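J.: Mind looking over this structure? Questions follow.
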Amino acid sequence: MLFALPDDDALYNALISRDANFDGRAFVCVRSTEFFCRLTCPARKPKRENCSFHDSPSACIEAGFRPCKRCFPMHAMVPDDPSVQDLLSRLDADPLRRWSETDVQTLGYDPSTIRRAFKRNFGTTFLDLARARRLQAGFTTLGKGGKVIEAQLEAGFDSPSAFRKAFAKMLGLPPSGFSDTALLKADWFQTQLGPMIGVADRTHLHLLEFADRAALPNELKRLVQNTKSGIGIGHTAPLEHVKAELNAYMNGQNPIFSTPLALHGTPFTKAVWRALQTIPAGHTQSYSALAQSMQRPQATRAVAQANEANQIAILIPCHRIIGSDGTLTGYGGGLWRKRKLIDLERQYL
């Protein structure tokens, strides 16, 4: 939930003191080990610069981290639900197992009940959580320079085609679509509004989208065509910068973004995107008002099309465009996110 936790410095102090008040409410992700833990974990405490914090185990998994084998952080969320505890223990024991609803039913559990319990506690289903654990293992292997077959086996897929299909669904491109030598790098990371995918070179951010956006696969393909460059998996300075800025923005600390952007579109489309960036946080406009501000009052429909073509979510704030009657209009990241973004920005007025 947005704003539910204190800032990272306070959480790091809680980690050092093993503050039990945050058990089940906050989790630390440690870059040096690639594990995530409870704040009460008995393991040796990591350095501050290696730590990031999330409010759920699913967020840590989607950010690329594995559950600690000493403090079992997945279990912190549902201490009184034996069926969920049992399934979590089985997942910890064999994270690469391919689960199905039949497997869940064979253990004596009602699949629909389990689905609701995991959705309620983790924001995702047990089957999706298990699938994410497997795919994340493959993603990490590729990010370290491993071969596709190594990533497939690490993710626990017997079938290369099944792995390619699942990977493409997650990232928009199959594993073979990513190149180690590409100048553009893609990173998959968690935010308080869900996982996002960013693509950047060494100096500019080229794409930022929610990972579940239906248009993402086509956007990545179009980016490859526009830049005449492949895409790899990795980290660049703009990606690290925008992640820090998104964290501050969603925690109510700063609505201003300074990450350099590379815009891919026609001159008119780019003009619309720049006009969107002039709308202050906490304010909204209609398509027609935006067209008038650009001295193009007859171009309302073209402005709407350019708005829909935006490939850099939040930083180019197309979520601040609403209907002329004040109702929310379509948003590629989902209307629920648009509503949360508008509500979030009211504090910046």
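The way I read the labels, and the way they are meant: chains A, B, ... in the order of the structure tokens, residue 1 as the first residue of every chain, and ligand 1 as the first ligand shown, with later ones counted on from there.
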Can you list, as a list in words, every protein, DNA or RNA residue that comes within 8 Å of Glu34 in chain A when you count only C-alpha atoms, leaving out same-chain residues fewer than 3 positions away?
T.: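 Close residues of Glu34 in chain A: Cys29, Val30, Arg31, Gly64, Phe65 and Arg66 of chain A.
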J.: Among range 58-306 of chain A, which ones does DSSP place in helix (DSSP H, G or I), written as a PyMOL selection string?
T.: chain A and resi 58-62+73-76+82-93+101-106+111-122+126-143+148-154+160-171+175-177+216-227+237-250+267-276+287-293+300-306
J.: Identify which of the residues A:Arg131, A:Lys147, A:Arg274, A:Arg90 lies closest to Leu107 in chain A, counting only C-alpha atoms when measuring atom-to-atom distances.
T.: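 Of A:Arg131, A:Lys147, A:Arg274, A:Arg90, the one nearest Leu107 in chain A is A:Arg90, counting only C-alpha atoms.
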J.: Env of Ala281 in chain A: 12 Å cut, atoms = only C-alpha atoms, seq-sep filter 4 positions within chain, self excluded. Answer as number ranges by chain.
T.: A: 249-250, 252, 254-257, 276-277, 285, 314-321, 341-349
J.: Hey, can you check how far CA of Leu5 in chain A sits from CA of Ala63 in chain A?
T.: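 Computing the Euclidean distance for CA of Leu5 in chain A and CA of Ala63 in chain A yields 17.7 Å.
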J.: Please identify the strand (DSSP E or B) residues within range 90-280 of chain A (assignment by DSSP from backbone atoms) and present them as a PyMOL selection string.
T.: chain A and resi 178+184-191+194-200+205-210+231-233+261
J.: Between A:Thr125, A:Thr300, A:Ser258, A:Thr181, which is the closest to Ser288 in chain A once you count only C-alpha atoms?
T.: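 Among A:Thr125, A:Thr300, A:Ser258, A:Thr181, it is A:Thr300 that comes nearest to Ser288 in chain A.
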J.: Find the spatial neighbours of Thr266 in chain A, counting only C-alpha atoms, within a cut-off of 12 Å - ignore same-chain residues fewer than 2 positions away - and output them as a ChimeraX atom specification.
T.: /A:226,263-264,268-273,302,305-306,309-310
J.: With a distance cut-off of 12 Å and only C-alpha atoms, select the neighbouring residues of Arg134 in chain A, excluding the residue or stretch itself and same-chain residues fewer than 4 positions from it, and output the selection as a ChimeraX atom specification.
T.: /A:61-62,64-66,91-92,94-99,127-130,138-141,151-158,163,166-167,170
J.: Just the number, please: distance in Å from CA of Phe210 in chain A to CA of Ala313 in chain A, one decimal.
T.: 7.7 Å
J.: Tell me which protein, DNA and RNA residues are within 10 Å of Ala211 in chain A, counting only C-alpha atoms, leaving out same-chain ones fewer than 2 positions away, and put them as a list in words.
T.: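 Selected residues are Lys169, Met170, Leu171, Gly172, Trp188, Phe189, Gln190, Gly194, Pro195, Met196, Ile197, Gly198, Leu208, Glu209, Arg213, Ala214, Ala215, Leu216, Pro217 and Gly333 of chain A.
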J.: Could those residues be written to a file, using C-alpha atoms, as a JSON list (two decimals), in the first residue's frame?
T.:
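Result written to result_8.json:
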[["chain", "number", "residue", "atom", "x", "y", "z"],
["A", 169, "LYS", "CA", 4.80, -12.87, -21.85],
["A", 170, "MET", "CA", 6.74, -11.40, -18.93],
["A", 171, "LEU", "CA", 9.15, -9.14, -20.83],
["A", 172, "GLY", "CA", 7.63, -8.67, -24.25],
["A", 188, "TRP", "CA", 12.44, -5.45, -14.62],
["A", 189, "PHE", "CA", 11.78, -3.94, -11.20],
["A", 190, "GLN", "CA", 9.05, -3.51, -8.65],
["A", 194, "GLY", "CA", 3.33, -3.07, -9.61],
["A", 195, "PRO", "CA", 6.28, -4.28, -11.68],
["A", 196, "MET", "CA", 7.67, -2.00, -14.37],
["A", 197, "ILE", "CA", 10.07, -2.49, -17.25],
["A", 198, "GLY", "CA", 12.56, 0.22, -18.11],
["A", 208, "LEU", "CA", 9.16, 2.87, -19.01],
["A", 209, "GLU", "CA", 6.00, 0.78, -18.79],
["A", 213, "ARG", "CA", 0.53, -3.42, -20.16],
["A", 214, "ALA", "CA", -0.96, -5.25, -23.15],
["A", 215, "ALA", "CA", 0.86, -3.00, -25.63],
["A", 216, "LEU", "CA", 4.31, -3.67, -24.15],
["A", 217, "PRO", "CA", 5.43, -6.38, -26.62],
["A", 333, "GLY", "CA", -1.51, 0.80, -17.15]]
J.: Rank nothing, just name the residue among A:Ser112, A:Ala291, A:Asp7, A:Ile231 nearest to Gln253 in chain A, using only C-alpha atoms.
T.: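 Going through A:Ser112, A:Ala291, A:Asp7, A:Ile231 one by one, the smallest distance to Gln253 in chain A is for A:Asp7.
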J.: Can you list, as a PDB file with N, CA and C atoms, in the first residue's frame, every protein, DNA or RNA residue that comes within 12 Å of Arg70 in chain A when you count only C-alpha atoms, leaving out same-chain residues fewer than 4 positions away?
T.:
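So the final result, stored in part31.pdb, reads:
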ATOM      1  N   PHE A  35      19.170 -12.135  -1.990  1.00  0.00           N
ATOM      2  CA  PHE A  35      18.100 -12.694  -1.170  1.00  0.00           C
ATOM      3  C   PHE A  35      17.304 -11.546  -0.542  1.00  0.00           C
ATOM      4  N   PHE A  36      16.056 -11.842  -0.139  1.00  0.00           N
ATOM      5  CA  PHE A  36      15.305 -10.891   0.667  1.00  0.00           C
ATOM      6  C   PHE A  36      14.931 -11.542   1.991  1.00  0.00           C
ATOM      7  N   CYS A  37      14.824 -10.710   3.028  1.00  0.00           N
ATOM      8  CA  CYS A  37      14.683 -11.211   4.397  1.00  0.00           C
ATOM      9  C   CYS A  37      13.650 -10.411   5.178  1.00  0.00           C
ATOM     10  N   ARG A  38      13.245 -10.977   6.298  1.00  0.00           N
ATOM     11  CA  ARG A  38      12.534 -10.202   7.308  1.00  0.00           C
ATOM     12  C   ARG A  38      13.525  -9.226   7.942  1.00  0.00           C
ATOM     13  N   LEU A  39      13.031  -8.170   8.545  1.00  0.00           N
ATOM     14  CA  LEU A  39      13.929  -7.245   9.229  1.00  0.00           C
ATOM     15  C   LEU A  39      14.490  -7.859  10.514  1.00  0.00           C
ATOM     16  N   THR A  40      13.871  -8.944  10.967  1.00  0.00           N
ATOM     17  CA  THR A  40      14.341  -9.619  12.177  1.00  0.00           C
ATOM     18  C   THR A  40      15.264 -10.795  11.864  1.00  0.00           C
ATOM     19  N   CYS A  41      15.698 -10.935  10.627  1.00  0.00           N
ATOM     20  CA  CYS A  41      16.533 -12.064  10.226  1.00  0.00           C
ATOM     21  C   CYS A  41      17.809 -12.115  11.070  1.00  0.00           C
ATOM     22  N   PRO A  42      18.197 -13.303  11.537  1.00  0.00           N
ATOM     23  CA  PRO A  42      19.405 -13.409  12.369  1.00  0.00           C
ATOM     24  C   PRO A  42      20.709 -13.344  11.575  1.00  0.00           C
ATOM     25  N   ALA A  43      20.621 -13.318  10.261  1.00  0.00           N
ATOM     26  CA  ALA A  43      21.840 -13.288   9.446  1.00  0.00           C
ATOM     27  C   ALA A  43      22.610 -11.993   9.658  1.00  0.00           C
ATOM     28  N   ARG A  44      23.868 -12.003   9.255  1.00  0.00           N
ATOM     29  CA  ARG A  44      24.714 -10.812   9.363  1.00  0.00           C
ATOM     30  C   ARG A  44      24.094  -9.662   8.578  1.00  0.00           C
ATOM     31  N   ARG A  66      15.445 -13.673  -4.082  1.00  0.00           N
ATOM     32  CA  ARG A  66      14.951 -14.968  -3.627  1.00  0.00           C
ATOM     33  C   ARG A  66      14.753 -14.954  -2.111  1.00  0.00           C
ATOM     34  N   MET A  74       8.629 -15.443   3.404  1.00  0.00           N
ATOM     35  CA  MET A  74       7.287 -15.669   2.860  1.00  0.00           C
ATOM     36  C   MET A  74       6.303 -16.029   3.967  1.00  0.00           C
ATOM     37  N   HIS A  75       6.785 -16.676   4.997  1.00  0.00           N
ATOM     38  CA  HIS A  75       5.908 -17.144   6.063  1.00  0.00           C
ATOM     39  C   HIS A  75       5.470 -16.031   7.004  1.00  0.00           C
ATOM     40  N   ASP A  92       9.420 -23.307  -0.919  1.00  0.00           N
ATOM     41  CA  ASP A  92      10.787 -23.063  -0.461  1.00  0.00           C
ATOM     42  C   ASP A  92      11.666 -24.290  -0.690  1.00  0.00           C
TER      43      ASP A  92
END
J.: What separation in Å, quoted to one decimal, exists between CA of Glu219 in chain A and CA of Arg202 in chain A?
T.: 20.0 Å
J.: May I ask which of the residues A:Gly108, A:Pro260, A:Gly234, A:Pro160 is the closest one to Leu142 in chain A, counting only C-alpha atoms?
T.: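 Among the listed residues, A:Gly234 lies closest to Leu142 in chain A.
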